[in-house]
$ cat upload-v5.json   # JSON, C-alpha atoms (C1' of nucleotides)
[["chain", "number", "residue", "atom", "x", "y", "z"],
["R", 1, "MET", "CA", -11.74, 9.09, 17.64],
["R", 2, "ARG", "CA", -10.42, 5.95, 15.96],
["R", 3, "ILE", "CA", -8.24, 6.52, 12.88],
["R", 4, "ALA", "CA", -6.89, 3.70, 10.74],
["R", 5, "THR", "CA", -4.82, 3.05, 7.64],
["R", 6, "TRP", "CA", -4.93, 0.12, 5.23],
["R", 7, "ASN", "CA", -3.24, -0.58, 1.92],
["R", 8, "VAL", "CA", -6.02, -2.66, 0.37],
["R", 9, "ASN", "CA", -4.31, -3.60, -2.95],
["R", 10, "SER", "CA", -7.38, -2.80, -5.08],
["R", 11, "VAL", "CA", -10.50, -1.44, -3.37],
["R", 12, "LYS", "CA", -12.75, -3.34, -5.78],
["R", 13, "GLN", "CA", -11.17, -6.69, -4.88],
["R", 14, "ARG", "CA", -11.37, -5.91, -1.17],
["R", 15, "ILE", "CA", -14.97, -4.78, -0.66],
["R", 16, "GLU", "CA", -15.98, -7.85, 1.34],
["R", 17, "ASN", "CA", -12.92, -7.69, 3.58],
["R", 18, "LEU", "CA", -13.26, -3.95, 3.95],
["R", 19, "THR", "CA", -16.91, -4.00, 5.00],
["R", 20, "ALA", "CA", -16.26, -6.88, 7.41],
["R", 21, "TRP", "CA", -13.32, -5.07, 8.99],
["R", 22, "LEU", "CA", -15.10, -1.69, 9.13],
["R", 23, "THR", "CA", -17.97, -3.36, 10.98],
["R", 24, "GLU", "CA", -15.63, -5.17, 13.36],
["R", 25, "ARG", "CA", -13.17, -2.35, 14.17],
["R", 26, "ALA", "CA", -15.60, 0.55, 13.67],
["R", 27, "PRO", "CA", -13.01, 3.22, 12.83],
["R", 28, "ASP", "CA", -14.18, 6.83, 12.49],
["R", 29, "ILE", "CA", -11.67, 7.75, 9.79],
["R", 30, "VAL", "CA", -9.84, 5.36, 7.45],
["R", 31, "CYS", "CA", -6.97, 6.11, 5.08],
["R", 32, "LEU", "CA", -6.80, 3.71, 2.14],
["R", 33, "GLN", "CA", -3.95, 3.15, -0.30],
["R", 34, "GLU", "CA", -3.53, 1.31, -3.60],
["R", 35, "THR", "CA", -7.20, 1.68, -4.45],
["R", 36, "LYS", "CA", -6.22, 1.14, -8.13],
["R", 37, "THR", "CA", -9.22, 2.83, -9.70],
["R", 38, "VAL", "CA", -10.23, 6.13, -11.27],
["R", 39, "ASP", "CA", -12.50, 8.27, -9.08],
["R", 40, "GLU", "CA", -15.58, 7.73, -11.27],
["R", 41, "ALA", "CA", -15.35, 3.96, -10.73],
["R", 42, "PHE", "CA", -14.65, 4.02, -6.97],
["R", 43, "PRO", "CA", -17.23, 1.79, -5.23],
["R", 44, "ARG", "CA", -18.66, 4.40, -2.85],
["R", 45, "GLN", "CA", -21.96, 2.72, -2.10],
["R", 46, "PRO", "CA", -20.79, -0.06, 0.27],
["R", 47, "PHE", "CA", -19.01, 2.53, 2.42],
["R", 48, "GLU", "CA", -21.78, 5.12, 2.34],
["R", 49, "ALA", "CA", -24.14, 2.35, 3.41],
["R", 50, "LEU", "CA", -22.00, 1.96, 6.54],
["R", 51, "GLY", "CA", -22.23, 5.68, 7.24],
["R", 52, "TYR", "CA", -18.95, 6.90, 5.76],
["R", 53, "ASN", "CA", -18.26, 9.98, 3.69],
["R", 54, "VAL", "CA", -15.81, 9.17, 0.91],
["R", 55, "ALA", "CA", -12.95, 11.32, -0.47],
["R", 56, "VAL", "CA", -10.94, 9.86, -3.34],
["R", 57, "HIS", "CA", -7.82, 10.60, -5.35],
["R", 58, "GLY", "CA", -7.24, 7.80, -7.83],
["R", 59, "GLN", "CA", -5.88, 7.01, -11.25],
["R", 60, "LYS", "CA", -6.04, 4.21, -13.77],
["R", 61, "THR", "CA", -4.37, 0.88, -12.92],
["R", 62, "PHE", "CA", -1.97, 1.86, -10.11],
["R", 63, "ASN", "CA", -1.65, 3.86, -6.91],
["R", 64, "GLY", "CA", -4.76, 5.63, -5.65],
["R", 65, "VAL", "CA", -5.62, 6.87, -2.15],
["R", 66, "ALA", "CA", -8.86, 7.61, -0.33],
["R", 67, "ILE", "CA", -10.22, 8.69, 3.05],
["R", 68, "LEU", "CA", -13.43, 7.40, 4.61],
["R", 69, "SER", "CA", -14.94, 9.40, 7.46],
["R", 70, "LYS", "CA", -17.97, 9.07, 9.68],
["R", 71, "TYR", "CA", -17.82, 12.87, 10.03],
["R", 72, "LYS", "CA", -18.23, 15.33, 7.21],
["R", 73, "PHE", "CA", -15.12, 16.69, 5.56],
["R", 74, "ASP", "CA", -14.50, 20.41, 5.92],
["R", 75, "GLU", "CA", -11.65, 20.42, 3.39],
["R", 76, "VAL", "CA", -10.31, 17.82, 0.98],
["R", 77, "THR", "CA", -7.01, 18.40, -0.84],
["R", 78, "PRO", "CA", -5.60, 15.82, -3.27],
["R", 79, "GLY", "CA", -1.93, 15.68, -4.20],
["R", 80, "LEU", "CA", 1.35, 16.25, -2.37],
["R", 81, "PRO", "CA", 2.68, 19.76, -3.05],
["R", 82, "GLY", "CA", 6.12, 20.38, -4.51],
["R", 83, "ASP", "CA", 6.16, 18.87, -8.01],
["R", 84, "PRO", "CA", 3.46, 19.78, -10.53],
["R", 85, "ALA", "CA", 4.85, 17.17, -12.96],
["R", 86, "ASP", "CA", 4.24, 14.30, -10.53],
["R", 87, "TYR", "CA", 1.06, 12.59, -11.78],
["R", 88, "HIS", "CA", 1.02, 9.71, -9.25],
["R", 89, "ALA", "CA", -2.08, 9.60, -7.03],
["R", 90, "ARG", "CA", -0.33, 9.03, -3.71],
["R", 91, "PHE", "CA", -1.64, 11.66, -1.31],
["R", 92, "ILE", "CA", -4.93, 13.11, -0.10],
["R", 93, "GLU", "CA", -5.51, 15.32, 2.92],
["R", 94, "ALA", "CA", -8.77, 16.12, 4.69],
["R", 95, "THR", "CA", -9.93, 17.98, 7.77],
["R", 96, "VAL", "CA", -12.88, 17.39, 10.08],
["R", 97, "SER", "CA", -14.19, 19.49, 12.97],
["R", 98, "THR", "CA", -13.83, 18.30, 16.54],
["R", 99, "LYS", "CA", -14.79, 19.69, 19.93],
["R", 100, "SER", "CA", -11.16, 20.80, 20.35],
["R", 101, "GLY", "CA", -10.77, 22.27, 16.85],
["R", 102, "VAL", "CA", -9.48, 21.06, 13.50],
["R", 103, "LEU", "CA", -8.30, 17.47, 13.04],
["R", 104, "ARG", "CA", -6.18, 16.98, 9.94],
["R", 105, "VAL", "CA", -5.58, 13.55, 8.36],
["R", 106, "ALA", "CA", -3.57, 12.57, 5.30],
["R", 107, "SER", "CA", -3.59, 9.25, 3.45],
["R", 108, "ILE", "CA", -0.09, 8.55, 2.15],
["R", 109, "TYR", "CA", 1.21, 6.02, -0.37],
["R", 110, "LEU", "CA", 4.94, 6.59, -0.45],
["R", 111, "PRO", "CA", 6.78, 5.19, -3.50],
["R", 112, "ASN", "CA", 8.34, 1.74, -3.24],
["R", 113, "GLY", "CA", 11.62, 2.80, -4.88],
["R", 114, "ASN", "CA", 12.86, -0.56, -6.12],
["R", 115, "PRO", "CA", 15.18, -1.22, -7.78],
["R", 116, "PRO", "CA", 17.46, 1.21, -5.90],
["R", 117, "ASP", "CA", 19.86, 1.91, -8.77],
["R", 118, "THR", "CA", 17.13, 3.47, -10.92],
["R", 119, "GLU", "CA", 15.12, 6.67, -11.17],
["R", 120, "LYS", "CA", 12.42, 4.90, -9.13],
["R", 121, "TYR", "CA", 14.62, 5.25, -6.06],
["R", 122, "SER", "CA", 15.48, 8.90, -6.69],
["R", 123, "TYR", "CA", 11.74, 9.53, -7.11],
["R", 124, "LYS", "CA", 11.14, 7.90, -3.71],
["R", 125, "ILE", "CA", 13.79, 10.05, -2.03],
["R", 126, "LYS", "CA", 12.50, 13.25, -3.64],
["R", 127, "TRP", "CA", 8.95, 12.31, -2.59],
["R", 128, "MET", "CA", 10.14, 11.86, 1.00],
["R", 129, "GLU", "CA", 11.80, 15.28, 0.88],
["R", 130, "ARG", "CA", 8.55, 16.81, -0.41],
["R", 131, "LEU", "CA", 6.61, 15.07, 2.38],
["R", 132, "THR", "CA", 9.05, 16.46, 4.94],
["R", 133, "LYS", "CA", 8.63, 20.00, 3.58],
["R", 134, "TYR", "CA", 4.82, 19.65, 3.60],
["R", 135, "THR", "CA", 4.90, 18.28, 7.16],
["R", 136, "HIS", "CA", 7.17, 21.08, 8.39],
["R", 137, "GLU", "CA", 4.65, 23.60, 7.08],
["R", 138, "ARG", "CA", 1.64, 21.76, 8.50],
["R", 139, "LEU", "CA", 3.22, 21.46, 11.96],
["R", 140, "GLN", "CA", 3.27, 25.27, 12.18],
["R", 141, "LEU", "CA", -0.52, 25.05, 12.50],
["R", 142, "GLU", "CA", -0.14, 23.26, 15.86],
["R", 143, "GLU", "CA", -3.14, 21.03, 15.12],
["R", 144, "PRO", "CA", -3.70, 17.34, 15.79],
["R", 145, "LEU", "CA", -2.31, 15.89, 12.54],
["R", 146, "VAL", "CA", -2.27, 12.22, 11.55],
["R", 147, "LEU", "CA", -0.12, 11.17, 8.60],
["R", 148, "ALA", "CA", -1.27, 7.63, 7.94],
["R", 149, "GLY", "CA", -0.34, 5.24, 5.20],
["R", 150, "ASP", "CA", 1.97, 2.86, 3.45],
["R", 151, "TYR", "CA", 5.39, 4.52, 3.83],
["R", 152, "ASN", "CA", 7.32, 1.70, 2.19],
["R", 153, "VAL", "CA", 9.91, 2.24, 4.92],
["R", 154, "ILE", "CA", 11.11, -0.34, 7.46],
["R", 155, "PRO", "CA", 12.26, 2.04, 10.21],
["R", 156, "THR", "CA", 14.58, -0.28, 12.18],
["R", 157, "ALA", "CA", 15.91, -3.85, 12.27],
["R", 158, "ASP", "CA", 13.23, -4.63, 14.89],
["R", 159, "ASP", "CA", 10.61, -4.07, 12.19],
["R", 160, "VAL", "CA", 11.65, -6.90, 9.86],
["R", 161, "HIS", "CA", 11.84, -10.67, 10.23],
["R", 162, "ASN", "CA", 15.21, -11.00, 8.50],
["R", 163, "PRO", "CA", 17.10, -7.68, 8.34],
["R", 164, "ALA", "CA", 19.99, -9.10, 6.30],
["R", 165, "ALA", "CA", 17.64, -10.17, 3.52],
["R", 166, "TRP", "CA", 16.34, -6.61, 3.21],
["R", 167, "ALA", "CA", 19.67, -4.78, 3.54],
["R", 168, "ALA", "CA", 19.86, -3.75, -0.13],
["R", 169, "ASP", "CA", 16.13, -3.17, -0.58],
["R", 170, "ALA", "CA", 14.73, 0.34, -1.18],
["R", 171, "LEU", "CA", 12.49, -0.13, 1.88],
["R", 172, "PHE", "CA", 15.42, -0.62, 4.26],
["R", 173, "LEU", "CA", 18.48, 1.12, 2.76],
["R", 174, "PRO", "CA", 20.30, 3.47, 5.16],
["R", 175, "LEU", "CA", 19.36, 6.51, 3.05],
["R", 176, "THR", "CA", 15.66, 5.53, 3.15],
["R", 177, "ARG", "CA", 15.74, 5.17, 6.92],
["R", 178, "GLU", "CA", 17.68, 8.41, 7.27],
["R", 179, "LYS", "CA", 15.05, 10.31, 5.28],
["R", 180, "PHE", "CA", 12.31, 8.72, 7.42],
["R", 181, "ARG", "CA", 14.12, 9.85, 10.58],
["R", 182, "THR", "CA", 14.43, 13.36, 9.15],
["R", 183, "LEU", "CA", 10.65, 13.31, 8.77],
["R", 184, "THR", "CA", 9.88, 11.97, 12.23],
["R", 185, "ASN", "CA", 12.53, 14.22, 13.80],
["R", 186, "LEU", "CA", 10.34, 17.19, 12.89],
["R", 187, "GLY", "CA", 8.35, 16.07, 15.92],
["R", 188, "LEU", "CA", 6.18, 13.17, 14.80],
["R", 189, "THR", "CA", 5.36, 10.13, 16.94],
["R", 190, "ASP", "CA", 5.24, 6.64, 15.39],
["R", 191, "ALA", "CA", 2.02, 5.48, 17.11],
["R", 192, "ILE", "CA", 2.83, 1.77, 17.25],
["R", 193, "ARG", "CA", 6.27, 2.42, 18.74],
["R", 194, "ALA", "CA", 4.69, 4.77, 21.29],
["R", 195, "VAL", "CA", 2.76, 1.85, 22.74],
["R", 196, "SER", "CA", 5.08, -1.14, 22.21],
["R", 197, "ASP", "CA", 8.78, -2.06, 21.96],
["R", 198, "GLU", "CA", 8.00, -5.60, 20.83],
["R", 199, "LYS", "CA", 9.78, -7.12, 17.88],
["R", 200, "GLY", "CA", 7.74, -8.92, 15.25],
["R", 201, "LEU", "CA", 5.05, -6.28, 14.83],
["R", 202, "TYR", "CA", 4.42, -6.46, 11.10],
["R", 203, "THR", "CA", 1.90, -4.93, 8.72],
["R", 204, "PHE", "CA", 2.89, -6.59, 5.43],
["R", 205, "TRP", "CA", 3.54, -10.19, 4.38],
["R", 206, "ASP", "CA", 4.39, -10.93, 0.75],
["R", 207, "TYR", "CA", 1.98, -13.14, -1.17],
["R", 208, "GLN", "CA", 4.99, -15.16, -2.36],
["R", 209, "ALA", "CA", 7.14, -17.87, -0.85],
["R", 210, "GLY", "CA", 4.81, -18.64, 2.02],
["R", 211, "ALA", "CA", 5.74, -15.40, 3.76],
["R", 212, "TRP", "CA", 2.52, -15.23, 5.81],
["R", 213, "PRO", "CA", 2.55, -18.77, 7.30],
["R", 214, "LYS", "CA", 6.26, -18.33, 8.09],
["R", 215, "ASN", "CA", 5.63, -14.86, 9.54],
["R", 216, "TRP", "CA", 8.25, -13.29, 7.28],
["R", 217, "GLY", "CA", 6.79, -9.82, 7.67],
["R", 218, "ILE", "CA", 7.80, -6.19, 7.69],
["R", 219, "ARG", "CA", 6.35, -3.09, 9.39],
["R", 220, "ILE", "CA", 5.88, -0.43, 6.72],
["R", 221, "ASP", "CA", 2.40, 0.99, 7.39],
["R", 222, "HIS", "CA", 2.61, 3.78, 9.91],
["R", 223, "LEU", "CA", 0.51, 6.40, 11.66],
["R", 224, "LEU", "CA", 2.71, 9.42, 12.42],
["R", 225, "LEU", "CA", 1.24, 11.89, 14.89],
["R", 226, "SER", "CA", 1.88, 15.56, 15.57],
["R", 227, "SER", "CA", 2.47, 16.36, 19.24],
["R", 228, "GLN", "CA", -1.12, 17.64, 19.55],
["R", 229, "ALA", "CA", -2.34, 14.21, 18.35],
["R", 230, "ALA", "CA", 0.26, 12.15, 20.25],
["R", 231, "ASP", "CA", -0.71, 13.84, 23.51],
["R", 232, "ARG", "CA", -4.18, 12.35, 23.06],
["R", 233, "LEU", "CA", -3.07, 8.86, 22.00],
["R", 234, "THR", "CA", -4.72, 6.12, 24.08],
["R", 235, "THR", "CA", -4.34, 2.96, 21.96],
["R", 236, "ALA", "CA", -2.58, 1.75, 18.84],
["R", 237, "GLY", "CA", -2.82, -1.65, 17.22],
["R", 238, "ILE", "CA", -2.35, -3.84, 14.17],
["R", 239, "ASP", "CA", -5.24, -6.01, 12.95],
["R", 240, "LYS", "CA", -2.99, -8.92, 12.00],
["R", 241, "HIS", "CA", -5.81, -11.47, 11.85],
["R", 242, "VAL", "CA", -7.18, -9.83, 8.72],
["R", 243, "ARG", "CA", -4.21, -11.27, 6.77],
["R", 244, "SER", "CA", -5.66, -14.78, 7.24],
["R", 245, "TRP", "CA", -9.04, -13.94, 5.70],
["R", 246, "GLU", "CA", -10.06, -15.15, 2.24],
["R", 247, "ARG", "CA", -8.71, -13.01, -0.63],
["R", 248, "PRO", "CA", -6.58, -10.82, 1.65],
["R", 249, "SER", "CA", -4.56, -7.74, 0.86],
["R", 250, "ASP", "CA", -0.84, -8.27, 1.51],
["R", 251, "HIS", "CA", -1.11, -5.43, 4.07],
["R", 252, "VAL", "CA", -3.26, -5.34, 7.23],
["R", 253, "PRO", "CA", -4.99, -2.40, 8.93],
["R", 254, "VAL", "CA", -3.25, -0.31, 11.61],
["R", 255, "TYR", "CA", -5.24, 1.97, 13.90],
["R", 256, "VAL", "CA", -5.01, 4.49, 16.74],
["R", 257, "ASP", "CA", -7.46, 5.76, 19.29],
["R", 258, "LEU", "CA", -7.15, 9.46, 20.08],
["R", 259, "ASP", "CA", -8.96, 11.14, 22.95],
["R", 260, "ILE", "CA", -10.64, 13.60, 20.59],
["R", 261, "GLU", "CA", -14.39, 13.97, 20.22],
["R", 262, "ALA", "CA", -16.17, 14.85, 17.01],
["R", 263, "ALA", "CA", -17.87, 18.23, 16.95],
["Q", 264, "DA", "C1'", 13.78, -13.23, 0.54],
["Q", 265, "DT", "C1'", 12.07, -15.72, -3.56],
["Q", 266, "DG", "C1'", 10.12, -22.13, -6.37],
["Q", 267, "DG", "C1'", 5.76, -20.82, -4.59],
["Q", 268, "DC", "C1'", 1.55, -14.33, -5.58],
["Q", 269, "DC", "C1'", -1.80, -10.90, -6.90],
["Q", 270, "DA", "C1'", -4.13, -7.09, -9.63],
["Q", 271, "DA", "C1'", -5.03, -4.40, -13.86],
["Q", 272, "DT", "C1'", -4.97, -4.15, -18.74],
["Q", 273, "DA", "C1'", -8.62, -4.24, -24.78],
["Q", 274, "DT", "C1'", -5.80, -9.45, -21.41],
["Q", 275, "DG", "C1'", -3.77, -14.56, -22.93],
["Q", 276, "DA", "C1'", 1.84, -11.32, -21.75],
["Q", 277, "DT", "C1'", 3.37, -7.38, -19.45],
["Q", 278, "DT", "C1'", 3.93, -4.14, -15.69],
["Q", 279, "DG", "C1'", 4.00, -2.93, -10.92],
["Q", 280, "DG", "C1'", 4.11, -4.18, -6.41],
["Q", 281, "DA", "C1'", 7.48, -5.00, -1.80]]
$ encode --input "upload-v5.json" --output "structure tokens"
Amino acid sequence: MRIATWNVNSVKQRIENLTAWLTERAPDIVCLQETKTVDEAFPRQPFEALGYNVAVHGQKTFNGVAILSKYKFDEVTPGLPGDPADYHARFIEATVSTKSGVLRVASIYLPNGNPPDTEKYSYKIKWMERLTKYTHERLQLEEPLVLAGDYNVIPTADDVHNPAAWAADALFLPLTREKFRTLTNLGLTDAIRAVSDEKGLYTFWDYQAGAWPKNWGIRIDHLLLSSQAADRLTTAGIDKHVRSWERPSDHVPVYVDLDIEAA
DNA sequence: ATGGCCAATATGATTGGA
């Protein structure tokens, strides 16, 4: 079972890149973020034509998450619990059946939080606390669980080209990293770090200032695995080459292979 | 790590992104 995540920065603008990458990498389940469309206008057809079921949770203009799956969804649940007043479309969870039981996957678009001295940052921190509470509850189920998405968190100084330049940024502040550790300390495995200690593994390069050609990147897109999923991890990788395609997203896909067979 | 971008919006300027 191959599971991937990709912040596409508008699904409508990325259809060509998406279909090319889906054909090349052939993931079974894909978590998308920043789809930037209402559900009625989501371009389902190109993905259904490639054999994917499509689950969406979008809104006008901003945010928006989705899950594509080669296998039928048993359950689909939009929205992160814990704040009925939060209207941002940043979370959708789905389950599929496997030979070893339920596989649960969530597509996550964690708030950016900049600038840090505003309510945008307190919203980010509260969202992380809600995600931790949700995860704590889900881990009681003892299922393979994959929390995949754009976390807007640079976990360590090894995950950024120039740590000093990001020291005061909402993605790298000590409190942000502390809240991320509180989440992972529940018992989640960062898939990329389970397979590599290398520096310079990035998933995002800004469109501005020639960040891509200079390789000024950051690693902020993560697949976090419950122990039942991590025990079956065989491969994890970053499809960096996709950043050099025409009309790219500023993020690239990240994927894992789990030794789990569809039912 | 900002000179330089990109996407959406009743759009030609503003907001959000990271």
$ atom_distance --input "upload-v5.json" --atom1 "atom CA of Arg90 of chain R" --atom2 "atom CA of Ala165 of chain R"
27.3 Å
$ closest_atom_pairs --input "upload-v5.json" --of "chain R" --to "chain Q" --cutoff "7 Å" --atoms "all atoms listed in the file" --output "tab-separated table"
residue	atom	partner	partner_atom	distance
R:Thr61	CA	Q:DA271	C1'	5.4
R:Asn112	CA	Q:DA281	C1'	6.9
R:Ala165	CA	Q:DA264	C1'	5.8
R:Tyr207	CA	Q:DC268	C1'	4.6
R:Gln208	CA	Q:DC268	C1'	4.8
R:Ala209	CA	Q:DG267	C1'	5.0
$ write_last_selection --input "upload-v5.json" --atoms "C-alpha atoms" --output "CSV table (one decimal), in the coordinates of the input"
chain,number,residue,atom,x,y,z
R,61,THR,CA,-4.4,0.9,-12.9
R,112,ASN,CA,8.3,1.7,-3.2
R,165,ALA,CA,17.6,-10.2,3.5
R,207,TYR,CA,2.0,-13.1,-1.2
R,208,GLN,CA,5.0,-15.2,-2.4
R,209,ALA,CA,7.1,-17.9,-0.8
$ atom_distance --input "upload-v5.json" --atom1 "atom CA of Asn185 of chain R" --atom2 "atom CA of Ala167 of chain R"
22.7 Å
$ residues_around --input "upload-v5.json" --residues "Ser100 of chain R" --least-positions-apart "4" --cutoff "10 Å" --atoms "only C-alpha atoms (C1' of nucleotides)" --output "PyMOL selection string"
chain R and resi 143-144+260-263
$ atom_distance --input "upload-v5.json" --atom1 "atom CA of Ser10 of chain R" --atom2 "atom CA of Asp250 of chain R"
10.8 Å
$ residues_around --input "upload-v5.json" --residues "Asp239 of chain R" --least-positions-apart "4" --cutoff "9 Å" --atoms "only C-alpha atoms (C1' of nucleotides)" --output "list in words"
Arg25, Thr203, Arg243, Val252, Pro253, Val254 and Tyr255 of chain R
$ closest_residue --input "upload-v5.json" --among "R:Asn162, R:Ser249, R:Asp117, R:Gly101" --to "Val11 of chain R" --atoms "all atoms listed in the file"
R:Ser249
$ residues_near_point --input "upload-v5.json" --point "(-5.9, 7.6, -6.8)" --cutoff "9 Å" --atoms "all atoms listed in the file" --output "ChimeraX atom specification"
/R:33-39,56-60,62-66,78,88-92
$ residues_around --input "upload-v5.json" --residues "Ala94 of chain R" --least-positions-apart "5" --cutoff "12 Å" --atoms "only C-alpha atoms (C1' of nucleotides)" --output "PDB file with C-alpha atoms, keeping the file's coordinate frame"
ATOM      1  CA  ILE R  29     -11.670   7.750   9.790  1.00  0.00           C
ATOM      2  CA  VAL R  30      -9.840   5.360   7.450  1.00  0.00           C
ATOM      3  CA  CYS R  31      -6.970   6.110   5.080  1.00  0.00           C
ATOM      4  CA  ASN R  53     -18.260   9.980   3.690  1.00  0.00           C
ATOM      5  CA  VAL R  54     -15.810   9.170   0.910  1.00  0.00           C
ATOM      6  CA  ALA R  55     -12.950  11.320  -0.470  1.00  0.00           C
ATOM      7  CA  VAL R  56     -10.940   9.860  -3.340  1.00  0.00           C
ATOM      8  CA  HIS R  57      -7.820  10.600  -5.350  1.00  0.00           C
ATOM      9  CA  VAL R  65      -5.620   6.870  -2.150  1.00  0.00           C
ATOM     10  CA  ALA R  66      -8.860   7.610  -0.330  1.00  0.00           C
ATOM     11  CA  ILE R  67     -10.220   8.690   3.050  1.00  0.00           C
ATOM     12  CA  LEU R  68     -13.430   7.400   4.610  1.00  0.00           C
ATOM     13  CA  SER R  69     -14.940   9.400   7.460  1.00  0.00           C
ATOM     14  CA  TYR R  71     -17.820  12.870  10.030  1.00  0.00           C
ATOM     15  CA  LYS R  72     -18.230  15.330   7.210  1.00  0.00           C
ATOM     16  CA  PHE R  73     -15.120  16.690   5.560  1.00  0.00           C
ATOM     17  CA  ASP R  74     -14.500  20.410   5.920  1.00  0.00           C
ATOM     18  CA  GLU R  75     -11.650  20.420   3.390  1.00  0.00           C
ATOM     19  CA  VAL R  76     -10.310  17.820   0.980  1.00  0.00           C
ATOM     20  CA  THR R  77      -7.010  18.400  -0.840  1.00  0.00           C
ATOM     21  CA  PRO R  78      -5.600  15.820  -3.270  1.00  0.00           C
ATOM     22  CA  GLY R  79      -1.930  15.680  -4.200  1.00  0.00           C
ATOM     23  CA  VAL R 102      -9.480  21.060  13.500  1.00  0.00           C
ATOM     24  CA  LEU R 103      -8.300  17.470  13.040  1.00  0.00           C
ATOM     25  CA  ARG R 104      -6.180  16.980   9.940  1.00  0.00           C
ATOM     26  CA  VAL R 105      -5.580  13.550   8.360  1.00  0.00           C
ATOM     27  CA  ALA R 106      -3.570  12.570   5.300  1.00  0.00           C
ATOM     28  CA  SER R 107      -3.590   9.250   3.450  1.00  0.00           C
ATOM     29  CA  ILE R 108      -0.090   8.550   2.150  1.00  0.00           C
ATOM     30  CA  LEU R 145      -2.310  15.890  12.540  1.00  0.00           C
ATOM     31  CA  VAL R 146      -2.270  12.220  11.550  1.00  0.00           C
ATOM     32  CA  LEU R 147      -0.120  11.170   8.600  1.00  0.00           C
ATOM     33  CA  ALA R 148      -1.270   7.630   7.940  1.00  0.00           C
TER      34      ALA R 148
END
$ closest_residue --input "upload-v5.json" --among "R:His161, R:Arg177, R:Lys199, R:Lys70" --to "Asn215 of chain R" --atoms "all atoms listed in the file"
R:His161
$ residues_around --input "upload-v5.json" --residues "Asp259 of chain R" --least-positions-apart "6" --cutoff "12 Å" --atoms "all atoms listed in the file" --output "number ranges by chain"
R: 1-3, 98-100, 103, 144, 228-235
$ write_last_selection --input "upload-v5.json" --atoms "C-alpha atoms" --output "mmCIF file, in the frame of the given file"
data_model
loop_
_atom_site.group_PDB
_atom_site.id
_atom_site.type_symbol
_atom_site.label_atom_id
_atom_site.label_comp_id
_atom_site.auth_asym_id
_atom_site.auth_seq_id
_atom_site.Cartn_x
_atom_site.Cartn_y
_atom_site.Cartn_z
ATOM 1 C CA MET R 1 -11.740 9.090 17.640
ATOM 2 C CA ARG R 2 -10.420 5.950 15.960
ATOM 3 C CA ILE R 3 -8.240 6.520 12.880
ATOM 4 C CA THR R 98 -13.830 18.300 16.540
ATOM 5 C CA LYS R 99 -14.790 19.690 19.930
ATOM 6 C CA SER R 100 -11.160 20.800 20.350
ATOM 7 C CA LEU R 103 -8.300 17.470 13.040
ATOM 8 C CA PRO R 144 -3.700 17.340 15.790
ATOM 9 C CA GLN R 228 -1.120 17.640 19.550
ATOM 10 C CA ALA R 229 -2.340 14.210 18.350
ATOM 11 C CA ALA R 230 0.260 12.150 20.250
ATOM 12 C CA ASP R 231 -0.710 13.840 23.510
ATOM 13 C CA ARG R 232 -4.180 12.350 23.060
ATOM 14 C CA LEU R 233 -3.070 8.860 22.000
ATOM 15 C CA THR R 234 -4.720 6.120 24.080
ATOM 16 C CA THR R 235 -4.340 2.960 21.960
#
